[in-house]
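What follows is run.cif (mmCIF, C-alpha atoms (C1' of nucleotides)).
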data_query
#
loop_
_atom_site.label_atom_id
_atom_site.label_comp_id
_atom_site.auth_asym_id
_atom_site.auth_seq_id
_atom_site.Cartn_x
_atom_site.Cartn_y
_atom_site.Cartn_z
CA MET A 29 -24.13 35.25 -23.34
CA ASP A 30 -21.91 32.27 -22.89
CA VAL A 31 -23.27 30.22 -20.04
CA ARG A 32 -21.66 26.92 -19.28
CA VAL A 33 -23.66 24.47 -17.25
CA ILE A 34 -21.32 23.00 -14.75
CA GLU A 35 -22.03 20.48 -12.08
CA PRO A 36 -21.25 21.73 -8.62
CA CYS A 37 -17.82 20.48 -7.75
CA CYS A 38 -17.99 19.38 -4.19
CA GLU A 39 -21.49 18.10 -3.61
CA PRO A 40 -21.54 14.90 -1.60
CA VAL A 41 -22.06 11.97 -3.91
CA LEU A 42 -21.84 9.26 -1.30
CA VAL A 43 -25.22 8.72 0.30
CA GLU A 44 -24.68 5.32 1.81
CA PRO A 45 -21.66 3.41 3.07
CA LEU A 46 -19.52 1.50 0.62
CA ASP A 47 -20.12 -2.23 0.56
CA HIS A 48 -17.24 -4.70 0.59
CA THR A 49 -16.94 -4.95 -3.17
CA GLU A 50 -16.98 -1.22 -3.77
CA ALA A 51 -14.44 -0.70 -1.03
CA ASP A 52 -12.14 -3.37 -2.44
CA GLU A 53 -12.24 -1.86 -5.91
CA LEU A 54 -11.73 1.68 -4.71
CA ALA A 55 -8.89 0.66 -2.43
CA ALA A 56 -7.19 -1.10 -5.32
CA ALA A 57 -7.53 2.07 -7.38
CA PHE A 58 -6.09 4.30 -4.67
CA LYS A 59 -3.29 1.83 -4.07
CA VAL A 60 -2.07 2.64 -7.54
CA LEU A 61 -1.73 6.26 -6.49
CA ALA A 62 -0.11 5.38 -3.18
CA ASP A 63 3.43 5.40 -4.50
CA PRO A 64 5.63 8.44 -5.10
CA VAL A 65 7.22 7.06 -8.25
CA ARG A 66 3.84 6.42 -9.83
CA LEU A 67 2.59 9.86 -8.84
CA ARG A 68 5.63 11.45 -10.41
CA LEU A 69 5.15 9.38 -13.55
CA LEU A 70 1.53 10.44 -13.72
CA SER A 71 2.42 14.09 -13.24
CA LEU A 72 5.15 13.88 -15.85
CA VAL A 73 2.75 12.53 -18.44
CA ALA A 74 -0.01 14.92 -17.41
CA THR A 75 2.21 17.96 -17.84
CA ALA A 76 3.99 16.80 -20.97
CA SER A 77 3.81 19.30 -23.80
CA ASP A 78 2.08 16.98 -26.24
CA GLY A 79 0.03 15.29 -23.57
CA GLU A 80 2.11 12.21 -24.06
CA LEU A 81 5.49 10.95 -23.03
CA CYS A 82 7.87 8.28 -24.25
CA ALA A 83 8.97 5.67 -21.74
CA CYS A 84 12.49 6.12 -23.04
CA ASP A 85 12.62 9.71 -21.77
CA VAL A 86 11.01 8.88 -18.47
CA VAL A 87 13.67 6.63 -17.00
CA ASP A 88 16.22 9.41 -16.63
CA MET A 89 13.67 11.81 -15.15
CA ILE A 90 12.61 9.38 -12.47
CA GLY A 91 15.95 8.18 -11.24
CA ARG A 92 15.06 4.53 -10.90
CA SER A 93 16.16 1.54 -12.89
CA GLN A 94 14.50 0.83 -16.22
CA PRO A 95 12.72 -2.31 -14.97
CA THR A 96 11.36 -0.41 -12.00
CA VAL A 97 9.98 2.35 -14.21
CA SER A 98 8.53 -0.22 -16.59
CA HIS A 99 6.89 -1.95 -13.67
CA HIS A 100 5.25 1.23 -12.42
CA LEU A 101 4.11 2.26 -15.88
CA ALA A 102 2.50 -1.15 -16.27
CA ILE A 103 0.65 -0.72 -12.99
CA LEU A 104 -0.62 2.71 -14.04
CA ALA A 105 -1.65 1.36 -17.44
CA ASP A 106 -3.36 -1.71 -15.97
CA ALA A 107 -5.35 0.60 -13.74
CA GLY A 108 -6.36 2.57 -16.81
CA LEU A 109 -4.89 5.82 -15.54
CA LEU A 110 -2.35 5.80 -18.33
CA VAL A 111 -3.03 4.67 -21.88
CA ARG A 112 -0.19 2.90 -23.57
CA GLU A 113 0.51 3.16 -27.28
CA GLN A 114 3.29 1.27 -28.94
CA ARG A 115 4.92 3.10 -31.82
CA GLY A 116 7.71 1.10 -33.30
CA ARG A 117 10.23 0.38 -30.62
CA TRP A 118 8.90 3.09 -28.34
CA ALA A 119 6.05 3.11 -25.88
CA TYR A 120 4.09 6.31 -25.43
CA PHE A 121 1.80 7.07 -22.55
CA ARG A 122 -0.99 9.55 -22.01
CA VAL A 123 -3.39 10.17 -19.15
CA ASP A 124 -6.97 8.96 -19.33
CA PRO A 125 -8.86 11.90 -17.81
CA ASP A 126 -12.05 9.91 -17.33
CA ARG A 127 -10.27 7.35 -15.24
CA VAL A 128 -8.76 10.02 -13.05
CA ALA A 129 -12.20 11.57 -12.72
CA VAL A 130 -13.59 8.34 -11.30
CA LEU A 131 -11.19 8.56 -8.39
CA ARG A 132 -11.78 12.26 -7.95
CA ASP A 133 -15.52 11.69 -7.83
CA ALA A 134 -15.09 9.01 -5.22
CA LEU A 135 -13.74 11.70 -2.92
CA MET A 136 -16.86 13.84 -3.15
CA ILE A 137 -17.99 12.52 0.15
CA ALA A 138 -18.48 15.51 2.41
CA MET B 30 -32.66 33.55 -13.45
CA ASP B 31 -30.66 31.82 -10.84
CA VAL B 32 -27.09 31.73 -11.99
CA ARG B 33 -24.52 30.29 -9.63
CA VAL B 34 -20.94 31.13 -10.24
CA ILE B 35 -19.05 27.91 -9.82
CA GLU B 36 -15.45 27.17 -10.48
CA PRO B 37 -15.05 24.63 -13.21
CA CYS B 38 -14.57 21.32 -11.53
CA CYS B 39 -12.03 19.63 -13.66
CA GLU B 40 -9.60 22.29 -14.73
CA PRO B 41 -6.04 21.03 -14.62
CA VAL B 42 -4.30 22.33 -11.56
CA LEU B 43 -1.02 20.56 -12.10
CA VAL B 44 1.19 22.62 -14.40
CA GLU B 45 4.53 21.05 -13.66
CA PRO B 46 5.64 17.61 -12.50
CA LEU B 47 5.65 16.80 -8.81
CA ASP B 48 9.02 16.95 -7.12
CA HIS B 49 10.19 14.21 -4.80
CA THR B 50 8.87 15.81 -1.64
CA GLU B 51 5.44 16.54 -3.06
CA ALA B 52 5.19 13.03 -4.45
CA ASP B 53 6.18 11.50 -1.13
CA GLU B 54 3.58 13.48 0.77
CA LEU B 55 0.81 12.81 -1.73
CA ALA B 56 1.66 9.12 -1.86
CA ALA B 57 1.47 8.92 1.92
CA ALA B 58 -1.94 10.57 1.79
CA PHE B 59 -3.28 8.20 -0.84
CA LYS B 60 -1.84 5.25 1.01
CA VAL B 61 -4.30 6.01 3.76
CA LEU B 62 -7.13 5.56 1.28
CA ALA B 63 -5.61 2.44 -0.21
CA ASP B 64 -7.32 0.04 2.17
CA PRO B 65 -10.89 -1.23 1.95
CA VAL B 66 -11.47 -1.18 5.69
CA ARG B 67 -10.41 2.46 5.93
CA LEU B 68 -12.56 3.40 2.95
CA ARG B 69 -15.56 1.73 4.56
CA LEU B 70 -14.85 3.48 7.82
CA LEU B 71 -14.62 6.80 6.03
CA SER B 72 -17.86 6.18 4.16
CA LEU B 73 -19.61 5.10 7.34
CA VAL B 74 -18.67 8.31 9.09
CA ALA B 75 -19.39 10.44 6.02
CA THR B 76 -22.91 9.06 5.69
CA ALA B 77 -23.72 8.96 9.38
CA SER B 78 -26.91 10.79 10.24
CA ASP B 79 -25.29 13.24 12.63
CA GLY B 80 -22.13 13.49 10.61
CA GLU B 81 -20.38 11.61 13.35
CA LEU B 82 -20.03 8.06 14.49
CA CYS B 83 -19.01 6.33 17.69
CA ALA B 84 -16.17 3.86 17.51
CA CYS B 85 -18.26 1.53 19.63
CA ASP B 86 -20.85 1.15 16.89
CA VAL B 87 -18.33 0.81 14.13
CA VAL B 88 -16.70 -2.44 15.16
CA ASP B 89 -19.78 -4.54 14.46
CA MET B 90 -20.40 -2.82 11.13
CA ILE B 91 -16.90 -3.48 9.85
CA GLY B 92 -16.50 -7.10 10.81
CA ARG B 93 -12.94 -6.89 12.03
CA SER B 94 -11.52 -7.15 15.51
CA GLN B 95 -11.67 -4.15 17.79
CA PRO B 96 -7.90 -3.59 17.70
CA THR B 97 -7.93 -3.65 13.93
CA VAL B 98 -10.70 -1.08 13.74
CA SER B 99 -8.95 1.07 16.31
CA HIS B 100 -5.77 0.86 14.28
CA HIS B 101 -7.45 2.00 11.09
CA LEU B 102 -9.32 4.79 12.81
CA ALA B 103 -6.01 6.01 14.19
CA ILE B 104 -4.46 6.03 10.73
CA LEU B 105 -7.39 8.00 9.32
CA ALA B 106 -7.23 10.43 12.22
CA ASP B 107 -3.46 10.84 11.97
CA ALA B 108 -3.91 11.68 8.32
CA GLY B 109 -6.45 14.30 9.31
CA LEU B 110 -9.23 12.74 7.26
CA LEU B 111 -11.15 11.94 10.43
CA VAL B 112 -11.35 14.17 13.46
CA ARG B 113 -11.47 12.36 16.76
CA GLU B 114 -13.37 13.61 19.76
CA GLN B 115 -13.33 11.83 23.05
CA ARG B 116 -16.58 12.07 24.99
CA GLY B 117 -16.38 10.17 28.21
CA ARG B 118 -15.59 6.60 27.43
CA TRP B 119 -16.55 6.91 23.82
CA ALA B 120 -14.62 8.14 20.83
CA TYR B 121 -16.52 9.98 18.13
CA PHE B 122 -15.28 10.59 14.64
CA ARG B 123 -16.26 13.00 11.89
CA VAL B 124 -14.87 13.70 8.45
CA ASP B 125 -12.70 16.74 7.82
CA PRO B 126 -14.02 17.92 4.43
CA ASP B 127 -11.07 20.23 3.83
CA ARG B 128 -8.65 17.37 4.17
CA VAL B 129 -10.57 15.26 1.72
CA ALA B 130 -10.64 18.22 -0.65
CA VAL B 131 -6.86 18.38 -0.66
CA LEU B 132 -6.70 14.89 -2.10
CA ARG B 133 -9.52 15.57 -4.53
CA ASP B 134 -7.74 18.67 -5.78
CA ALA B 135 -4.56 16.71 -6.29
CA LEU B 136 -6.43 14.68 -8.89
CA MET B 137 -7.30 17.70 -11.00
CA ILE B 138 -4.54 16.87 -13.35
CA ALA B 139 -6.07 16.45 -16.78
"C1'" DC C 15 20.00 -12.42 -41.02
"C1'" DT C 16 22.08 -10.14 -37.46
"C1'" DC C 17 23.05 -6.35 -34.49
"C1'" DT C 18 21.29 -2.82 -31.69
"C1'" DC C 19 18.34 -0.77 -28.68
"C1'" DA C 20 13.73 0.00 -26.17
"C1'" DT C 21 10.92 -2.41 -23.22
"C1'" DA C 22 9.19 -6.40 -20.53
"C1'" DT C 23 9.71 -10.36 -17.50
"C1'" DA C 24 11.78 -13.39 -13.87
"C1'" DG C 25 13.63 -14.07 -9.61
"C1'" DA C 26 15.29 -12.54 -5.23
"C1'" DC C 27 15.34 -9.79 -1.18
"C1'" DA C 28 14.35 -6.19 2.31
"C1'" DG C 29 10.90 -3.42 4.14
"C1'" DT C 30 6.12 -2.50 5.00
"C1'" DT C 31 1.31 -3.61 6.14
"C1'" DG C 32 -3.02 -5.77 7.84
"C1'" DT C 33 -4.53 -8.81 11.06
"C1'" DC C 34 -5.30 -10.98 15.48
"C1'" DA C 35 -4.87 -12.44 20.60
"C1'" DA C 36 -3.40 -10.68 24.72
"C1'" DT C 37 -2.94 -6.95 27.54
"C1'" DA C 38 -2.93 -2.21 29.21
"C1'" DC C 39 -5.26 2.07 29.95
"C1'" DA C 40 -9.05 5.05 31.14
"C1'" DT C 41 -13.63 6.37 32.47
"C1'" DC C 42 -18.00 5.68 34.29
"C1'" DG C 43 -21.44 3.51 37.60
"C1'" DT C 44 -22.19 1.48 41.88
"C1'" DA D 17 -12.52 1.68 45.96
"C1'" DC D 18 -13.94 -1.67 42.71
"C1'" DG D 19 -15.70 -3.78 38.73
"C1'" DA D 20 -17.35 -3.21 34.10
"C1'" DT D 21 -16.70 -1.45 29.67
"C1'" DG D 22 -14.84 1.31 25.60
"C1'" DT D 23 -10.54 2.11 23.49
"C1'" DA D 24 -5.49 1.85 22.70
"C1'" DT D 25 -1.11 -0.63 22.64
"C1'" DT D 26 2.02 -4.58 22.14
"C1'" DG D 27 3.94 -8.32 19.87
"C1'" DA D 28 3.83 -11.66 16.39
"C1'" DC D 29 3.17 -13.42 11.85
"C1'" DA D 30 1.74 -13.97 6.98
"C1'" DA D 31 1.13 -11.45 2.87
"C1'" DC D 32 2.26 -7.88 -0.07
"C1'" DT D 33 5.28 -4.30 -2.34
"C1'" DG D 34 9.17 -1.76 -4.34
"C1'" DT D 35 13.54 -2.39 -5.82
"C1'" DC D 36 17.37 -4.35 -8.05
"C1'" DT D 37 20.24 -7.51 -11.39
"C1'" DA D 38 19.99 -10.59 -14.98
"C1'" DT D 39 17.71 -12.05 -18.85
"C1'" DA D 40 14.20 -12.32 -22.44
"C1'" DT D 41 11.37 -10.33 -26.04
"C1'" DG D 42 10.54 -7.61 -30.04
"C1'" DA D 43 11.13 -4.28 -33.58
"C1'" DG D 44 13.85 -1.34 -36.66
"C1'" DA D 45 18.51 -0.65 -39.19
"C1'" DG D 46 22.19 -2.07 -42.02
#
How would this structure read if it were set down as C-alpha coordinates?
Amino acid sequence: MDVRVIEPCCEPVLVEPLDHTEADELAAAFKVLADPVRLRLLSLVATASDGELCACDVVDMIGRSQPTVSHHLAILADAGLLVREQRGRWAYFRVDPDRVAVLRDALMIA
Amino acid sequence: MDVRVIEPCCEPVLVEPLDHTEADELAAAFKVLADPVRLRLLSLVATASDGELCACDVVDMIGRSQPTVSHHLAILADAGLLVREQRGRWAYFRVDPDRVAVLRDALMIA
DNA sequence: CTCTCATATAGACAGTTGTCAATACATCGT
DNA sequence: ACGATGTATTGACAACTGTCTATATGAGAG
(Lines of atoms letter the chains of each structure in order from A and count residues from 1; the text may use other names and numbers.)
(Lines give C-alpha, C1' and ligand atoms only; values in the text may rest on other atoms or scores of the structure.)
Protein backbone atom coordinates (compact mmCIF):
# COMPACT_ATOMS: atom_id res chain seq x y z
CA MET A 1 0.00 0.00 0.00
CA ASP A 2 1.38 3.32 -1.06
CA VAL A 3 0.85 5.76 1.76
CA ARG A 4 2.29 9.20 1.44
CA VAL A 5 2.71 11.17 4.61
CA ILE A 6 1.55 14.64 3.86
CA GLU A 7 1.39 17.59 6.16
CA PRO A 8 -2.08 19.01 6.49
CA CYS A 9 -2.33 21.87 4.10
CA CYS A 10 -4.17 24.57 5.90
CA GLU A 11 -3.27 24.25 9.55
CA PRO A 12 -2.59 27.60 11.16
CA VAL A 13 1.12 28.12 11.46
CA LEU A 14 1.00 31.58 12.94
CA VAL A 15 0.64 31.37 16.70
CA GLU A 16 1.74 34.84 17.65
CA PRO A 17 1.70 38.22 15.93
CA LEU A 18 4.49 39.12 13.56
CA ASP A 19 7.11 41.43 14.99
CA HIS A 20 8.36 44.45 13.06
CA THR A 21 11.25 42.64 11.39
CA GLU A 22 9.19 39.68 10.27
CA ALA A 23 6.50 41.97 8.95
CA ASP A 24 9.01 44.06 7.02
CA GLU A 25 10.55 41.01 5.39
CA LEU A 26 7.23 39.43 4.53
CA ALA A 27 5.88 42.68 3.15
CA ALA A 28 8.95 43.04 0.94
CA ALA A 29 8.37 39.51 -0.33
CA PHE A 30 4.71 40.11 -1.11
CA LYS A 31 5.56 43.41 -2.76
CA VAL A 32 7.38 41.43 -5.38
CA LEU A 33 4.14 39.63 -6.18
CA ALA A 34 2.11 42.82 -6.12
CA ASP A 35 2.59 43.63 -9.77
CA PRO A 36 0.70 42.13 -12.71
CA VAL A 37 3.72 42.03 -15.01
CA ARG A 38 5.75 40.09 -12.46
CA LEU A 39 2.88 37.70 -11.82
CA ARG A 40 2.57 37.04 -15.52
CA LEU A 41 6.31 36.51 -15.80
CA LEU A 42 6.20 34.09 -12.91
CA SER A 43 3.29 32.19 -14.42
CA LEU A 44 4.98 32.07 -17.81
CA VAL A 45 8.09 30.50 -16.34
CA ALA A 46 6.10 28.19 -14.08
CA THR A 47 4.09 26.80 -16.97
CA ALA A 48 6.91 26.64 -19.48
CA SER A 49 7.33 23.21 -21.04
CA ASP A 50 10.90 22.71 -19.87
CA GLY A 51 10.35 24.49 -16.60
CA GLU A 52 12.50 27.28 -17.87
CA LEU A 53 12.14 30.24 -20.16
CA CYS A 54 14.50 32.46 -22.09
CA ALA A 55 14.27 36.18 -21.44
CA CYS A 56 14.46 36.70 -25.19
CA ASP A 57 11.11 34.95 -25.69
CA VAL A 58 9.47 36.68 -22.78
CA VAL A 59 9.55 40.24 -24.02
CA ASP A 60 7.08 39.64 -26.83
CA MET A 61 4.73 37.67 -24.59
CA ILE A 62 4.54 40.41 -21.99
CA GLY A 63 4.00 43.41 -24.20
CA ARG A 64 6.31 45.76 -22.37
CA SER A 65 9.62 47.22 -23.37
CA GLN A 66 12.75 45.12 -23.01
CA PRO A 67 14.18 47.23 -20.18
CA THR A 68 10.92 46.97 -18.28
CA VAL A 69 10.86 43.19 -18.60
CA SER A 70 14.51 43.01 -17.60
CA HIS A 71 13.76 45.14 -14.58
CA HIS A 72 10.93 42.90 -13.42
CA LEU A 73 12.92 39.73 -14.01
CA ALA A 74 15.70 41.18 -11.89
CA ILE A 75 13.26 41.91 -9.08
CA LEU A 76 11.90 38.36 -9.21
CA ALA A 77 15.42 36.94 -9.27
CA ASP A 78 16.63 39.17 -6.43
CA ALA A 79 13.71 37.92 -4.37
CA GLY A 80 14.77 34.37 -5.15
CA LEU A 81 11.47 33.47 -6.77
CA LEU A 82 13.19 33.02 -10.11
CA VAL A 83 16.63 31.53 -10.59
CA ARG A 84 18.67 33.06 -13.34
CA GLU A 85 21.12 31.11 -15.45
CA GLN A 86 23.23 32.72 -18.10
CA ARG A 87 23.89 30.54 -21.12
CA GLY A 88 25.95 32.34 -23.67
CA ARG A 89 24.14 35.46 -24.69
CA TRP A 90 20.84 34.25 -23.30
CA ALA A 91 19.40 34.37 -19.82
CA TYR A 92 17.19 31.51 -18.70
CA PHE A 93 14.87 31.59 -15.74
CA ARG A 94 13.19 28.94 -13.66
CA VAL A 95 11.00 29.05 -10.58
CA ASP A 96 12.42 28.22 -7.17
CA PRO A 97 9.58 26.18 -5.63
CA ASP A 98 10.99 26.43 -2.12
CA ARG A 99 10.94 30.18 -2.26
CA VAL A 100 7.35 30.21 -3.41
CA ALA A 101 6.52 27.80 -0.61
CA VAL A 102 7.84 30.24 1.97
CA LEU A 103 5.25 32.79 0.92
CA ARG A 104 2.52 30.18 0.70
CA ASP A 105 3.31 29.00 4.21
CA ALA A 106 3.14 32.53 5.49
CA LEU A 107 -0.52 32.54 4.52
CA MET A 108 -1.37 29.53 6.68
CA ILE A 109 -2.75 31.82 9.28
CA ALA A 110 -6.33 30.78 9.85
CA MET B 1 -4.96 2.99 11.83
CA ASP B 2 -5.97 6.55 11.49
CA VAL B 3 -5.54 7.53 7.89
CA ARG B 4 -6.64 11.01 6.89
CA VAL B 5 -7.23 11.65 3.27
CA ILE B 6 -5.63 14.97 2.55
CA GLU B 7 -5.13 16.71 -0.72
CA PRO B 8 -1.48 17.12 -1.50
CA CYS B 9 -0.56 20.60 -0.46
CA CYS B 10 1.79 21.71 -3.12
CA GLU B 11 0.48 20.31 -6.36
CA PRO B 12 0.76 22.83 -9.16
CA VAL B 13 -2.57 24.40 -9.85
CA LEU B 14 -1.43 26.78 -12.53
CA VAL B 15 -1.42 25.02 -15.89
CA GLU B 16 -1.34 28.01 -18.18
CA PRO B 17 -0.04 31.56 -17.86
CA LEU B 18 -2.19 34.20 -16.24
CA ASP B 19 -3.97 36.53 -18.61
CA HIS B 20 -3.98 40.27 -18.08
CA THR B 21 -7.19 40.34 -16.07
CA GLU B 22 -6.20 37.52 -13.76
CA ALA B 23 -2.79 39.08 -13.21
CA ASP B 24 -4.32 42.46 -12.42
CA GLU B 25 -6.69 41.00 -9.87
CA LEU B 26 -4.05 38.85 -8.21
CA ALA B 27 -1.60 41.72 -8.10
CA ALA B 28 -4.20 43.90 -6.42
CA ALA B 29 -4.76 41.18 -3.85
CA PHE B 30 -1.07 40.76 -3.09
CA LYS B 31 -0.64 44.50 -2.92
CA VAL B 32 -2.84 44.43 0.14
CA LEU B 33 -0.35 42.10 1.80
CA ALA B 34 2.63 44.13 0.65
CA ASP B 35 2.73 46.39 3.68
CA PRO B 36 4.21 45.58 7.09
CA VAL B 37 1.52 47.39 9.04
CA ARG B 38 -1.23 45.45 7.28
CA LEU B 39 0.60 42.17 7.81
CA ARG B 40 0.94 42.92 11.50
CA LEU B 41 -2.71 43.84 11.71
CA LEU B 42 -3.66 40.61 9.98
CA SER B 43 -1.45 38.56 12.29
CA LEU B 44 -2.82 40.33 15.34
CA VAL B 45 -6.37 39.49 14.39
CA ALA B 46 -5.46 35.95 13.32
CA THR B 47 -3.82 35.18 16.66
CA ALA B 48 -6.35 36.97 18.83
CA SER B 49 -7.79 34.77 21.54
CA ASP B 50 -11.38 35.11 20.42
CA GLY B 51 -10.49 35.19 16.77
CA GLU B 52 -11.47 38.82 16.75
CA LEU B 53 -9.97 42.10 17.75
CA CYS B 54 -11.28 45.56 18.52
CA ALA B 55 -9.87 48.43 16.54
CA CYS B 56 -9.59 50.34 19.79
CA ASP B 57 -6.99 47.92 21.13
CA VAL B 58 -5.08 47.72 17.90
CA VAL B 59 -3.87 51.29 17.66
CA ASP B 60 -1.54 51.01 20.64
CA MET B 61 -0.18 47.66 19.48
CA ILE B 62 0.74 48.95 16.04
CA GLY B 63 2.41 52.20 16.96
CA ARG B 64 0.90 54.30 14.22
CA SER B 65 -1.65 57.07 14.37
CA GLN B 66 -5.31 56.18 14.64
CA PRO B 67 -6.12 57.40 11.12
CA THR B 68 -3.31 55.31 9.69
CA VAL B 69 -4.53 52.18 11.45
CA SER B 70 -8.08 52.90 10.36
CA HIS B 71 -6.87 53.31 6.79
CA HIS B 72 -5.08 49.97 6.77
CA LEU B 73 -7.97 48.16 8.40
CA ALA B 74 -10.23 49.54 5.70
CA ILE B 75 -7.91 48.27 2.98
CA LEU B 76 -7.82 44.81 4.55
CA ALA B 77 -11.59 44.80 4.92
CA ASP B 78 -12.18 46.04 1.38
CA ALA B 79 -10.01 43.20 0.15
CA GLY B 80 -12.16 40.80 2.14
CA LEU B 81 -9.25 39.52 4.20
CA LEU B 82 -10.77 41.01 7.33
CA VAL B 83 -14.46 41.07 8.13
CA ARG B 84 -15.64 44.13 9.97
CA GLU B 85 -18.42 44.11 12.51
CA GLN B 86 -19.63 47.23 14.20
CA ARG B 87 -20.78 46.72 17.77
CA GLY B 88 -21.89 49.94 19.31
CA ARG B 89 -19.03 52.35 19.19
CA TRP B 90 -16.48 49.68 18.57
CA ALA B 91 -15.37 47.98 15.39
CA TYR B 92 -14.38 44.35 15.58
CA PHE B 93 -12.40 42.50 12.97
CA ARG B 94 -11.87 38.84 12.18
CA VAL B 95 -10.02 37.03 9.44
CA ASP B 96 -11.88 35.50 6.52
CA PRO B 97 -10.02 32.19 6.08
CA ASP B 98 -11.51 31.54 2.65
CA ARG B 99 -10.17 34.79 1.35
CA VAL B 100 -6.71 34.05 2.63
CA ALA B 101 -6.95 30.61 1.04
CA VAL B 102 -7.55 32.17 -2.37
CA LEU B 103 -4.18 33.87 -2.21
CA ARG B 104 -2.49 30.79 -0.81
CA ASP B 105 -3.89 28.69 -3.64
CA ALA B 106 -2.62 31.18 -6.18
CA LEU B 107 0.89 30.32 -5.03
CA MET B 108 0.52 26.64 -5.81
CA ILE B 109 2.43 27.11 -8.97
CA ALA B 110 5.42 24.81 -8.83
C1' DC C 1 39.02 42.87 -34.23
C1' DT C 2 34.62 44.20 -35.26
C1' DC C 3 29.79 43.64 -35.91
C1' DT C 4 25.60 41.97 -34.13
C1' DC C 5 22.42 40.93 -30.86
C1' DA C 6 20.68 39.77 -25.98
C1' DT C 7 20.51 41.87 -21.75
C1' DA C 8 21.44 45.42 -18.18
C1' DT C 9 21.82 50.12 -16.49
C1' DA C 10 20.92 55.19 -16.16
C1' DG C 11 18.01 58.88 -15.98
C1' DA C 12 13.57 61.00 -16.15
C1' DC C 13 8.77 61.37 -15.30
C1' DA C 14 3.93 60.37 -13.96
C1' DG C 15 1.19 57.94 -10.87
C1' DT C 16 0.59 55.68 -6.52
C1' DT C 17 1.13 54.98 -1.53
C1' DG C 18 1.91 55.53 3.50
C1' DT C 19 1.79 58.81 6.84
C1' DC C 20 0.11 62.48 9.78
C1' DA C 21 -2.70 66.56 11.75
C1' DA C 22 -7.09 68.30 11.60
C1' DT C 23 -11.71 67.47 11.36
C1' DA C 24 -16.10 65.09 10.83
C1' DC C 25 -19.20 61.49 12.12
C1' DA C 26 -21.57 58.40 15.21
C1' DT C 27 -22.82 56.21 19.46
C1' DC C 28 -23.11 55.79 24.22
C1' DG C 29 -23.63 57.65 29.09
C1' DT C 30 -25.29 61.15 31.93
C1' DA D 1 -29.69 67.56 24.87
C1' DC D 2 -24.87 67.45 25.70
C1' DG D 3 -20.32 65.92 26.24
C1' DA D 4 -17.11 62.19 25.77
C1' DT D 5 -15.13 58.76 23.04
C1' DG D 6 -14.25 55.36 19.12
C1' DT D 7 -13.81 55.50 14.30
C1' DA D 8 -13.73 57.46 9.57
C1' DT D 9 -12.60 61.10 6.26
C1' DT D 10 -10.00 64.96 4.28
C1' DG D 11 -6.10 67.15 2.62
C1' DA D 12 -1.29 67.49 2.19
C1' DC D 13 3.28 65.87 1.46
C1' DA D 14 7.40 62.89 0.98
C1' DA D 15 8.79 58.55 -0.70
C1' DC D 16 8.40 54.90 -3.73
C1' DT D 17 7.26 52.44 -8.18
C1' DG D 18 6.51 51.25 -13.03
C1' DT D 19 7.43 52.80 -17.33
C1' DC D 20 9.87 54.60 -21.11
C1' DT D 21 14.05 56.19 -24.17
C1' DA D 22 18.77 56.23 -24.58
C1' DT D 23 22.88 54.07 -23.69
C1' DA D 24 26.15 50.69 -21.90
C1' DT D 25 27.81 46.03 -21.27
C1' DG D 26 29.03 41.52 -22.77
C1' DA D 27 29.31 37.45 -25.48
C1' DG D 28 29.23 34.86 -29.83
C1' DA D 29 30.00 35.00 -35.11
C1' DG D 30 32.54 36.03 -39.12
Centre and size of axis-aligned box enclosing range 113-116 of chain B plus 8 Å each side, as AutoDock Vina command-line options:
--center_x -14.0 --center_y 12.7 --center_z 20.9 --size_x 21.1 --size_y 17.8 --size_z 24.2
Using all atoms listed in the file, which residues sit within 9 Å of range 76-86 of chain A once same-chain residues fewer than 2 positions away are excluded, as a VMD selection string? (chain A and resid 69 71 to 74 88 to 91 94 97 to 98 101 118 to 123) or (chain B and resid 45 to 46) or (chain C and resid 20 to 21)
Counting all atoms listed in the file, which residues of chain C come no farther than 12 Å from chain A, as an MDAnalysis selection string? chainID C and resid 18:24
So which one's closest to chain B, A:Ser93, A:Ala129, A:His100, A:Ala62? Using all atoms listed in the file, please.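 Comparing A:Ser93, A:Ala129, A:His100, A:Ala62 against chain B, the winner is A:Ala62.
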If chain A is superposed onto chain B by least squares using every Cα atom in order, what is the RMSD, in Å to one decimal? 0.7 Å
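The two atoms in question, CA of Gly109 in chain B and CA of Leu47 in chain B, are spaced 21.9 Å apart.
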I'd like to see the residues matched by the PyMOL selection byres ((chain D) within 9 of (chain A)) on this file, and ideally I'd get them as a list in words.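 That selection, the PyMOL selection byres ((chain D) within 9 of (chain A)), comes back as DG34, DT35, DC36, DG42, DA43 and DG44 of chain D.
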Taking the file as I've supplied it (selection: the PyMOL selection byres ((chain B) within 9 of (chain A))), which residues are included? Please answer as a ChimeraX atom specification. /B:35-39,43-77,124-127,129-130,132-139
Evaluating the PyMOL selection byres ((chain C and resi 40) around 9) on the displayed file yields which residues, as a list in words?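 Matching residues under the PyMOL selection byres ((chain C and resi 40) around 9) are Arg118 of chain B; DC39 and DT41 of chain C; DG22 and DT23 of chain D.
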